[in-house]
>>> print(open('coords_7.cif').read())   # mmCIF, C-alpha atoms, pLDDT in the B column; chains and numbers go by the auth columns
data_data
#
loop_
_atom_site.group_PDB
_atom_site.id
_atom_site.type_symbol
_atom_site.label_atom_id
_atom_site.label_comp_id
_atom_site.label_asym_id
_atom_site.label_seq_id
_atom_site.Cartn_x
_atom_site.Cartn_y
_atom_site.Cartn_z
_atom_site.B_iso_or_equiv
_atom_site.auth_seq_id
_atom_site.auth_asym_id
ATOM 1 C CA MET A 1 0.755 -16.996 18.535 72.00 13 A
ATOM 2 C CA VAL A 2 -0.976 -14.441 16.287 90.00 14 A
ATOM 3 C CA VAL A 3 -0.650 -14.112 12.509 92.00 15 A
ATOM 4 C CA ARG A 4 1.716 -11.145 12.886 91.00 16 A
ATOM 5 C CA ASP A 5 4.112 -13.227 14.963 93.00 17 A
ATOM 6 C CA CYS A 6 3.947 -16.143 12.515 94.00 18 A
ATOM 7 C CA CYS A 7 4.760 -13.872 9.555 92.00 19 A
ATOM 8 C CA ALA A 8 7.664 -12.278 11.390 94.00 20 A
ATOM 9 C CA GLU A 9 9.055 -15.664 12.389 94.00 21 A
ATOM 10 C CA ILE A 10 8.749 -17.136 8.890 95.00 22 A
ATOM 11 C CA THR A 11 10.410 -14.148 7.212 95.00 23 A
ATOM 12 C CA GLY A 12 12.959 -13.451 9.934 96.00 24 A
ATOM 13 C CA ALA A 13 11.680 -9.878 10.276 95.00 25 A
ATOM 14 C CA GLU A 14 11.561 -8.001 13.588 94.00 26 A
ATOM 15 C CA ASP A 15 7.814 -7.455 13.202 93.00 27 A
ATOM 16 C CA ALA A 16 5.057 -7.794 10.628 91.00 28 A
ATOM 17 C CA MET A 17 1.712 -6.300 9.694 88.00 29 A
ATOM 18 C CA VAL A 18 -1.209 -8.153 8.167 89.00 30 A
ATOM 19 C CA VAL A 19 -3.990 -6.484 6.188 89.00 31 A
ATOM 20 C CA ASN A 20 -7.103 -7.997 4.678 87.00 32 A
ATOM 21 C CA ASN A 21 -6.943 -6.590 1.151 82.00 33 A
ATOM 22 C CA ASN A 22 -4.715 -5.140 -1.557 79.00 34 A
ATOM 23 C CA ALA A 23 -5.971 -1.561 -1.082 81.00 35 A
ATOM 24 C CA GLY A 24 -4.917 -1.652 2.573 85.00 36 A
ATOM 25 C CA ALA A 25 -1.493 -3.001 1.707 87.00 37 A
ATOM 26 C CA VAL A 26 -0.952 -0.399 -1.019 85.00 38 A
ATOM 27 C CA LEU A 27 -2.105 2.435 1.261 88.00 39 A
ATOM 28 C CA ILE A 28 0.200 1.433 4.124 90.00 40 A
ATOM 29 C CA SER A 29 3.147 0.867 1.777 89.00 41 A
ATOM 30 C CA LEU A 30 2.749 4.203 0.013 90.00 42 A
ATOM 31 C CA GLU A 31 2.121 6.114 3.217 92.00 43 A
ATOM 32 C CA THR A 32 5.225 4.619 4.819 91.00 44 A
ATOM 33 C CA ILE A 33 7.638 4.765 1.900 90.00 45 A
ATOM 34 C CA ALA A 34 6.395 7.505 -0.433 90.00 46 A
ATOM 35 C CA ARG A 35 4.603 10.226 1.570 90.00 47 A
ATOM 36 C CA ASN A 36 5.097 13.566 -0.237 90.00 48 A
ATOM 37 C CA ARG A 37 7.100 11.831 -2.975 90.00 49 A
ATOM 38 C CA LYS A 38 6.469 10.943 -6.582 88.00 50 A
ATOM 39 C CA VAL A 39 5.486 7.366 -7.389 86.00 51 A
ATOM 40 C CA ILE A 40 5.639 5.923 -10.885 83.00 52 A
ATOM 41 C CA VAL A 41 2.783 3.536 -11.637 77.00 53 A
ATOM 42 C CA SER A 42 1.805 1.476 -14.637 73.00 54 A
ATOM 43 C CA ARG A 43 -1.247 2.720 -16.528 64.00 55 A
ATOM 44 C CA VAL A 44 -2.741 -0.732 -16.088 59.00 56 A
ATOM 45 C CA ILE A 45 -3.183 -0.238 -12.330 58.00 57 A
ATOM 46 C CA TRP A 46 -5.257 2.941 -12.636 58.00 58 A
ATOM 47 C CA VAL A 47 -8.293 0.658 -12.577 63.00 59 A
ATOM 48 C CA GLU A 48 -10.238 -0.334 -9.475 63.00 60 A
ATOM 49 C CA ILE A 49 -8.340 -2.722 -7.206 62.00 61 A
ATOM 50 C CA GLY A 50 -11.306 -4.021 -5.284 62.00 62 A
ATOM 51 C CA GLY A 51 -14.650 -2.573 -4.392 66.00 63 A
ATOM 52 C CA SER A 52 -14.521 1.110 -5.262 69.00 64 A
ATOM 53 C CA PHE A 53 -10.850 1.635 -4.414 72.00 65 A
ATOM 54 C CA ARG A 54 -8.879 3.203 -7.240 77.00 66 A
ATOM 55 C CA ILE A 55 -5.127 3.746 -7.219 78.00 67 A
ATOM 56 C CA PRO A 56 -5.409 7.557 -7.594 79.00 68 A
ATOM 57 C CA ASP A 57 -7.653 7.654 -4.500 81.00 69 A
ATOM 58 C CA VAL A 58 -5.331 5.421 -2.494 82.00 70 A
ATOM 59 C CA MET A 59 -2.312 7.480 -3.594 83.00 71 A
ATOM 60 C CA ALA A 60 -4.013 10.734 -2.568 84.00 72 A
ATOM 61 C CA LYS A 61 -4.908 9.308 0.842 87.00 73 A
ATOM 62 C CA SER A 62 -1.312 8.146 1.371 90.00 74 A
ATOM 63 C CA GLY A 63 0.235 11.500 0.469 90.00 75 A
ATOM 64 C CA ALA A 64 2.080 10.083 -2.543 88.00 76 A
ATOM 65 C CA HIS A 65 1.557 11.546 -5.997 81.00 77 A
ATOM 66 C CA SER A 66 2.313 10.640 -9.597 78.00 78 A
ATOM 67 C CA PRO A 67 4.795 12.661 -11.684 74.00 79 A
#
>>> encode(input="coords_7.cif", output="structure tokens")
Amino acid sequence: MVVRDCCAEITGAEDAMVVNNNAGAVLISLETIARNRKVIVSRVIWVEIGGSFRIPDVMAKSGAHSP
């Protein structure tokens, strides 16, 4: 059994996805839910979220944008 299957079983979801960092999770979430849509973010999270990843960069890559 792989991690994906374990997560799906624990949560009762049909499937799951596992990423290794916050930037990856944010990118996938925004790309899936908010592509070409406005996303409201707290000013606090405009800082780096790990390595050199910044929320504006991740948002641009995902297709989401701030109002």
>>> closest_residue(input="coords_7.cif", among="A:Ser54, A:Cys19, A:Val31, A:Arg47", to="Met71 of chain A", atoms="only C-alpha atoms")
A:Arg47
>>> atom_distance(input="coords_7.cif", atom1="atom CA of Ile40 of chain A", atom2="atom CA of Pro68 of chain A")
14.4 Å
>>> residues_near_point(input="coords_7.cif", point="(-1.2, -1.8, 10.7)", cutoff="12 Å", atoms="all atoms listed in the file", output="list in words")
Arg16, Asp27, Ala28, Met29, Val30, Val31, Asn32, Gly36, Ala37, Val38, Leu39, Ile40, Ser41, Glu43 and Thr44 of chain A
>>> atom_distance(input="coords_7.cif", atom1="atom CA of Leu42 of chain A", atom2="atom CA of Glu21 of chain A")
24.2 Å
>>> atom_distance(input="coords_7.cif", atom1="atom CA of Asn48 of chain A", atom2="atom CA of Val70 of chain A")
13.4 Å
>>> axis_aligned_box(input="coords_7.cif", around="segment 50-53 of chain A", padding_each_side="4 Å", output="lines of an AutoDock Vina configuration file")
center_x = 4.6
center_y = 7.2
center_z = -9.1
size_x = 11.7
size_y = 15.4
size_z = 13.1
>>> resolve_selection(input="coords_7.cif", expression="the PyMOL selection byres ((chain A and resi 51) around 8)", output="JSON, numbers by chain")
{"A": [46, 49, 50, 52, 53, 76, 77, 78, 79]}
